[in-house]
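Student: Provided herewith is a single structure, encoded as structure tokens, for subsequent inquiry.
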Number of protein chains: 4
Amino acid sequence: MSMSEPIQDVAHVGHVELLTPDPEASLTYFRDVLGMTEAHRKGDSVYLRGYGDWELACLKLTAAADAGVGHLAFRTVSEQALERRVRSLETCGLGRGWIEGDAGHGRAYQFLDPDGHLLELYYDADRYQAPPELQPALKNQPQRYPARGISVRGLDHVNLLGVDPGENRIFLEEQLGFRLTEQIMLDDGTEAGVWMTVNNKSYELTYTMDATGTRGRLHHISFAVDEREDVLRAADICLENGVFIETGPHKHAIQQTFFLYTYEPGGNRIEISAGGYLIFSPEWEPIVWTQAERAKGQAWGLQTVESFHTRGTPHVPMAAGHDPS
Amino acid sequence: MSMSEPIQDVAHVGHVELLTPDPEASLTYFRDVLGMTEAHRKGDSVYLRGYGDWELACLKLTAAADAGVGHLAFRTVSEQALERRVRSLETCGLGRGWIEGDAGHGRAYQFLDPDGHLLELYYDADRYQAPPELQPALKNQPQRYPARGISVRGLDHVNLLGVDPGENRIFLEEQLGFRLTEQIMLDDGTEAGVWMTVNNKSYELTYTMDATGTRGRLHHISFAVDEREDVLRAADICLENGVFIETGPHKHAIQQTFFLYTYEPGGNRIEISAGGYLIFSPEWEPIVWTQAERAKGQAWGLQTVESFHTRGTPHVPMAAGHDPS
Amino acid sequence: MSMSEPIQDVAHVGHVELLTPDPEASLTYFRDVLGMTEAHRKGDSVYLRGYGDWELACLKLTAAADAGVGHLAFRTVSEQALERRVRSLETCGLGRGWIEGDAGHGRAYQFLDPDGHLLELYYDADRYQAPPELQPALKNQPQRYPARGISVRGLDHVNLLGVDPGENRIFLEEQLGFRLTEQIMLDDGTEAGVWMTVNNKSYELTYTMDATGTRGRLHHISFAVDEREDVLRAADICLENGVFIETGPHKHAIQQTFFLYTYEPGGNRIEISAGGYLIFSPEWEPIVWTQAERAKGQAWGLQTVESFHTRGTPHVPMAAGHDPS
Amino acid sequence: MSMSEPIQDVAHVGHVELLTPDPEASLTYFRDVLGMTEAHRKGDSVYLRGYGDWELACLKLTAAADAGVGHLAFRTVSEQALERRVRSLETCGLGRGWIEGDAGHGRAYQFLDPDGHLLELYYDADRYQAPPELQPALKNQPQRYPARGISVRGLDHVNLLGVDPGENRIFLEEQLGFRLTEQIMLDDGTEAGVWMTVNNKSYELTYTMDATGTRGRLHHISFAVDEREDVLRAADICLENGVFIETGPHKHAIQQTFFLYTYEPGGNRIEISAGGYLIFSPEWEPIVWTQAERAKGQAWGLQTVESFHTRGTPHVPMAAGHDPS
């Protein structure tokens with residue numbers, strides 16, 4: 001095999017840890033509104049899963065002083081792949097070292113991205129075994145469909161904020177083998193947003209520009225449902241439950257995902273999404289959106305809400321003194 | 001990189017050639033009922049594409065004396081991958097040699113599977129350029145959505161018949177790196193069906209047992225739509241167009257795809273499908289369905305139609321003398 | 001106003017009483033699988049409502065030795081209309097007299113149809129007042145959307161079995177002002193099925209022929225959801241909850257409703273339905289389906305299940321000695 | 001029958017005449033984007049139908065200097081009902097007299113509403129007979145489903161602008177028997193919007209306040225599709241066809257309809273809608289929305305676009321000098 005050929009070492013985004021200053025209300029949101037299932041508890045954390053998760057949990061919800069992302073974990077395709085990536089990370093200056101593991105998975109290697117988010121690589125993970133009351137009717141599904149609230153299938157993608165999305169893109173390309181699929185390029189050459197993947201999903205990880213100039217913040221976490229109608233129903237359910245809807249449902253121009261953005265009670269932005277496309281071509285050319293194209297808004301004309309460009313967690317006031325959240 | 005690690009050399013199923021004894025009626029079916037777009041013509045063949053195809057065409061429709069599959073083509077991830085696989089195929093006894101290429105792609109290597117179907121590997125392919133009248137509104141889509149008939153996105157998967165699905169599974173695992181994701185295992189140990197993939201789709205290629213004992217036949221080709229509602233609408237459209245519906249819409253137990261099976265005028269079975277699931281786990285354990293489980297029918301209880309086990313193209317009478325098609 | 005002009009005295013089917021020999025399991029089915037809300041309890045009965053019901057309840061679930069329908073109630077458009085209809089019913093020989101009322105409504109007049117089902121007319125009814133925890137977000141909805149199980153909106157229609165559907169049709173036309181919208185007419189002139197309405201819905205009450213020759217039985221009660229996708233999701237939910245699916249999801253040829261038929265634990269057949277059409281034309285010509293047309297099965301080709309023609313509640317063995325249920 | 005009882009003399013909104021200064025482009029929009037079928041041509045008018053129309057056409061598209069509504073026609077339940085209503089209209093001062101008829105229907109009585117829109121009552125109408133190429137597969141449908149563009153079923157409702165919605169409401173209640181179902185009542189007592197019906201649909205005719213103070217203008221005409229997914233697909237189709245989307249898809253708070261607003265090439269606002277609710281209660285209490293409630297925007301939080309309050313056809317500049325269209 002030629003050294004110039006790309007190797008896929010990272011399989012997918014495995015789970016994310018979300019910090020909340022209102023853990024009880026946040027748990028109610030994820031369990032009763034999103035319809036996730038509590039899989040485990042430890043310390044200040046509750047581990048939550050979608051009905052389609054083959055691992056224990058895709059969301060670790062942790063009580064904290066401020067909202068935001070705790071860490072984001074990627075699963076590798078093998079132990080060798082894990083070690084190969086760790087060797088590289090250890091020399092890049094952003095490595096943080098191994099942890100013993102967490103509920104549902106074994107040892108993991110932690111490191112930072114250039115923006116300061118805590119990331120993690122792991123391979124060893126338990127296959128989820130549903131308890132009797134959660135046994136699915138079909139054996140190709142890890143857990144029964146809950147039919148409670150929105151009933152999300154699992155994690156879809158994570159969107160981090162970055163002071164410089166481009167430096168994070170380069171880091172993830174070089175260190176983890178991510179590929180750029182779509183991108184916003186402003187007239188002055190600034191990469192204002194990058195959509196990246198390691199597999200056939202058109203994106204699993206996104207960085208968009210943090211207008212406040214703060215590092216380490218979260219834009220949103222997205223959970224997947226199957227049908228666009230499920231997203232519409234999700235909006236009905238949020239309305240009935242007093243959940244704040246920031247924007248949507250509507251269709252993104254970028255990536256064509258059908259979206260709904262809400263705030264969970266801890267203050268983090270949570271998306272419900274469906275649709276989009278898969279990429280199978282081995283020679284994908286990234287789609288580049290110009291400033292003018294971006295200004296057209298979403299696919300069907302909805303203008304991007306102002307808070308989308310400024311609001312993240314933890315909350316940070318704008319330099320100019322106004323807090324758009 | 002350790003030699004024991006799997007390498008993904010094949011990217012995806014690229015296109016399929018379908019043979020039809022009634023080419024005009026078949027073309028009308030694919031263009032007006034399925035909503036595909038004619039991309040090219042050459043000799044006795046018309047090349048058709050879904051609106052989501054980044055290559056020229058996913059279906060080559062060729063006039064022939066009998067219905068059936070002409071060939072099935074897989075795209076590799078690179079030229080090196082192509083060469084690596086060809087070296088292996090050349091020594092396995094089933095290699096047939098290079099062809100110069102076809103509309104939309106360059107040289108390709110042809111070979112047989114153990115059941116006698118003609119398969120093909122290629123890497124070099126043209127990126128589709130939509131003519132002005134087919135320019136899409138969104139640049140992350142290769143062609144405008146036609147809104148004509150069912151408006152399929154593109155090829156979803158191909159289901160070949162095989163006298164012995166298991167021998168074909170082993171061949172594809174060894175020669176092309178396919179992985180088994182779901183399987184039917186009869187009580188006597190017969191592999192009656194194998195669902196396989198090379199990427200995150202849970203299947204792209206299936207072999208099910210040919211009860212007539214004939215080699216080289218086609219069970220069906222499936223085209224993808226986005227939503228389950230699109231499959232229901234497809235059934236409405238088939239009804240209005242006099243297209244024979246063999247079974248469905250319903251949800252498969254195996255793979256959970258939402259399906260509709262029709263016969264195109266040339267006699268080939270064509271499926272419209274949506275849904276199912278993606279596989280990101282690097283250590284997937286194949287789901288094995290027993291004879292008793294299979295007898296339960298489809299997910300919501302619909303019995304599998306008898307013709308599903310016997311009818312394929314080209315048409316072949318059953319040994320016992322009855323032709324169930 | 002000319003005497004020859006039709007007067008609409010009956011507004012709609014108001015509620016139905018269902019008998020169950022397994023009241024606890026039936027309650028679980030209606031509350032947790034169908035997502036109905038318990039609105040009241042009295043004696044052996046639980047009153048259940050859909051989230052879209054403006055009256056107290058559309059279903060009175062009553063413990064009984066055998067499954068079947070207790071009574072079926074129609075609401076009139078006014079007190080005068082009620083009195084006008086009662087005067088007529090009192091002279092037809094099938095009147096049974098007034099009852100004082102029931103939970104959610106005042107006095108009602110009970111009578112029999114020619115087949116022996118107990119029917120009821122009432123006008124005085126309470127407008128439902130949701131308790132605080134069930135307050136809807138939008139004031140044009142009587143109760144919040146539950147997002148639990150199938151979450152039906154309310155009663156859609158009732159299908160009674162009749163030894164002679166035609167005599168019941170004539171009775172309902174003459175006594176209650178029902179209009180025939182669709183009909184099955186066998187080659188020998190037998191009316192095998194009649195679909196009737198008093199309003200713009202294309203049917204609210206159906207009689208189909210009881211092949212066992214028994215009087216007073218129920219074929220099914222249907223509950224409404226909004227989208228065809230909701231019916232598909234209902235099938236997923238029934239599958240996960242071990243609810244028996246008799247047939248569907250599929251689209252009826254007659255009335256074009258999208259259907260799913262299940263058995264509730266008490267043995268009664270319950271349909272989940274969506275779609276169909278409304279009738280606004282004042283001069284509708286009933287659609288008559290011949291025996292040959294009926295034999296084609298449902299809209300997309302699904303054959304009508306044998307149990308559809310024979311199974312009703314209470315259960316009755318076939319005269320020929322076989323019990324198809 | 002007591003004189004105090006309401007009589008339903010008007011069956012439904014039958015058709016609407018739309019004026020366009022760009023008749024060819026408008027025809028392309030209705031035929032190819034909305035998927036309507038040309039049923040007739042006469043003079044400067046093309047008559048268009050949805051696949052679910054039992055009469056000849058629901059839209060008469062007429063070339064004119066300015067955009068706007070030509071006339072709006074209601075069908076009565078009988079000849080007697082027509083005569084009864086005409087007798088009343090003839091004495092109210094707004095009657096205009098009989099016309100001989102038009103394509104698809106016989107004599108009609110024309111009159112004005114207080115705002116100056118031309119209205120029409122008729123009873124005699126032809127039942128549509130589909131030509132061979134448009135024969136439906138199911139006999140309970142007047143025409144085959146076109147599967148071309150959005151493929152609307154037919155007219156859903158018409159929204160007229162009025163200088164004083166309240167005076168028009170009273171006129172329609174008294175003269176045609178319309179009932180108010182929902183209403184916007186501003187803090188100063190102004191009726192800013194009235195939603196009215198004569199049947200079980202929760203609205204067929206709406207008046208909203210014309211902020212320009214101009215009489216006789218059109219806000220929009222709405223065409224029905226069956227599923228919310230159809231409205232989403234409609235947005236995809238409009239995007240691909242360069243049709244301007246003013247707002248949506250989203251769910252109305254008032255009436256709960258799922259909507260998409262577009263401008264047809266002649267400048268008229270055209271809605272695609274699905275969902276909402278039916279009213280069967282004979283004692284409906286109108287839902288009254290306050291100014292504060294209205295300010296909350298649509299059901300899921302989308303703010304009502306400014307042009308919604310000011311833009312109508314024919315186009316009129318705002319008194320203050322700005323033209324918001």
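As shown in the structure tokens, the chain order sets the letters A, B, ...; within each chain, residues go from 1, and ligands are also counted from 1 in the order they appear.
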Do a neighbour search on Gly14 (chain B) at 6 Å with only C-alpha atoms, toss out local chain neighbours closer than 3 positions, and write the hits as a list in words.
Tutor: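 Near Gly14 (chain B), the qualifying residues are Ala73, Phe74 and Arg75 of chain B.
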Student: Mind writing the picked residues with all heavy atoms as an mmCIF file, in the first residue's frame?
Tutor:
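After the write, part.cif holds the following:
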data_model
loop_
_atom_site.group_PDB
_atom_site.id
_atom_site.type_symbol
_atom_site.label_atom_id
_atom_site.label_comp_id
_atom_site.auth_asym_id
_atom_site.auth_seq_id
_atom_site.Cartn_x
_atom_site.Cartn_y
_atom_site.Cartn_z
ATOM 1 N N ALA B 73 -20.967 -2.681 -11.481
ATOM 2 C CA ALA B 73 -19.644 -2.052 -11.396
ATOM 3 C C ALA B 73 -19.413 -1.417 -10.035
ATOM 4 O O ALA B 73 -20.285 -0.721 -9.496
ATOM 5 C CB ALA B 73 -19.524 -0.990 -12.484
ATOM 6 N N PHE B 74 -18.218 -1.650 -9.487
ATOM 7 C CA PHE B 74 -17.823 -1.061 -8.214
ATOM 8 C C PHE B 74 -16.707 -0.050 -8.453
ATOM 9 O O PHE B 74 -15.755 -0.325 -9.185
ATOM 10 C CB PHE B 74 -17.277 -2.142 -7.267
ATOM 11 C CG PHE B 74 -18.190 -3.312 -7.102
ATOM 12 C CD1 PHE B 74 -17.977 -4.492 -7.806
ATOM 13 C CD2 PHE B 74 -19.284 -3.237 -6.246
ATOM 14 C CE1 PHE B 74 -18.827 -5.575 -7.654
ATOM 15 C CE2 PHE B 74 -20.134 -4.318 -6.087
ATOM 16 C CZ PHE B 74 -19.912 -5.493 -6.796
ATOM 17 N N ARG B 75 -16.797 1.057 -7.786
ATOM 18 C CA ARG B 75 -15.723 2.040 -7.907
ATOM 19 C C ARG B 75 -14.731 1.853 -6.757
ATOM 20 O O ARG B 75 -15.141 1.689 -5.601
ATOM 21 C CB ARG B 75 -16.296 3.456 -7.874
ATOM 22 C CG ARG B 75 -15.240 4.473 -8.255
ATOM 23 C CD ARG B 75 -15.784 5.855 -8.434
ATOM 24 N NE ARG B 75 -14.718 6.722 -8.918
ATOM 25 C CZ ARG B 75 -14.757 8.031 -8.850
ATOM 26 N NH1 ARG B 75 -15.826 8.645 -8.340
ATOM 27 N NH2 ARG B 75 -13.735 8.762 -9.290
#
Student: Taking only C-alpha atoms into account, produce a table as CSV in which each residue of chain C with an atom at most 6 Å from an atom of chain A appears once, together with its shortest atom pair and the distance in Å to one decimal, ordered by chain and rising number.
Tutor:
residue,atom,partner,partner_atom,distance
C:Ala137,CA,A:Glu240,CA,5.3
C:Ala147,CA,A:Gly149,CA,4.9
C:Arg148,CA,A:Arg148,CA,4.9
C:Gly149,CA,A:Ala147,CA,4.9
C:Glu240,CA,A:Ala137,CA,5.3
Student: Enumerate as a ChimeraX atom specification all residues of region 49-286 of chain C assigned to strand (DSSP E) by DSSP on the backbone, naming them with the chain letters and numbers the document uses.
Tutor: /C:49,59-63,68-76,95-99,108-112,118-122,154-162,179-185,191-197,205-209,218-224,245-251,257-263,269-275
Student: Leaving out Asn199 (chain D) and any residue of its chain fewer than 2 positions from it, which residues lie within 7 Å of it when counting only C-alpha atoms, given as a list in words?
Tutor: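 Residues meeting the cut-off are Ala11, His12, Thr197 and Lys201 of chain D.
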Student: Using the chain letters and numbers from this document, which residues of region 142-191 of chain B does DSSP assign to alpha helix (DSSP H), as a list in words?
Tutor: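 Across region 142-191 of chain B, those assigned alpha helix (DSSP H) are Pro165, Gly166, Glu167, Asn168, Arg169, Ile170, Phe171, Leu172, Glu173, Glu174, Gln175 and Leu176 of chain B.
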Student: Please produce a file of those selected residues containing C-alpha atoms, as a PDB file, in the first residue's frame.
Tutor:
ATOM      1  CA  PRO B 165     -25.124 -17.106  -1.534  1.00  0.00           C
ATOM      2  CA  GLY B 166     -22.357 -18.185   0.844  1.00  0.00           C
ATOM      3  CA  GLU B 167     -19.750 -18.841  -1.828  1.00  0.00           C
ATOM      4  CA  ASN B 168     -20.404 -15.433  -3.332  1.00  0.00           C
ATOM      5  CA  ARG B 169     -20.141 -13.805   0.110  1.00  0.00           C
ATOM      6  CA  ILE B 170     -16.740 -15.376   0.675  1.00  0.00           C
ATOM      7  CA  PHE B 171     -15.562 -14.318  -2.767  1.00  0.00           C
ATOM      8  CA  LEU B 172     -16.602 -10.706  -2.237  1.00  0.00           C
ATOM      9  CA  GLU B 173     -15.122 -10.585   1.235  1.00  0.00           C
ATOM     10  CA  GLU B 174     -11.799 -11.911   0.017  1.00  0.00           C
ATOM     11  CA  GLN B 175     -11.579 -10.191  -3.329  1.00  0.00           C
ATOM     12  CA  LEU B 176     -13.266  -6.838  -2.713  1.00  0.00           C
TER      13      LEU B 176
END
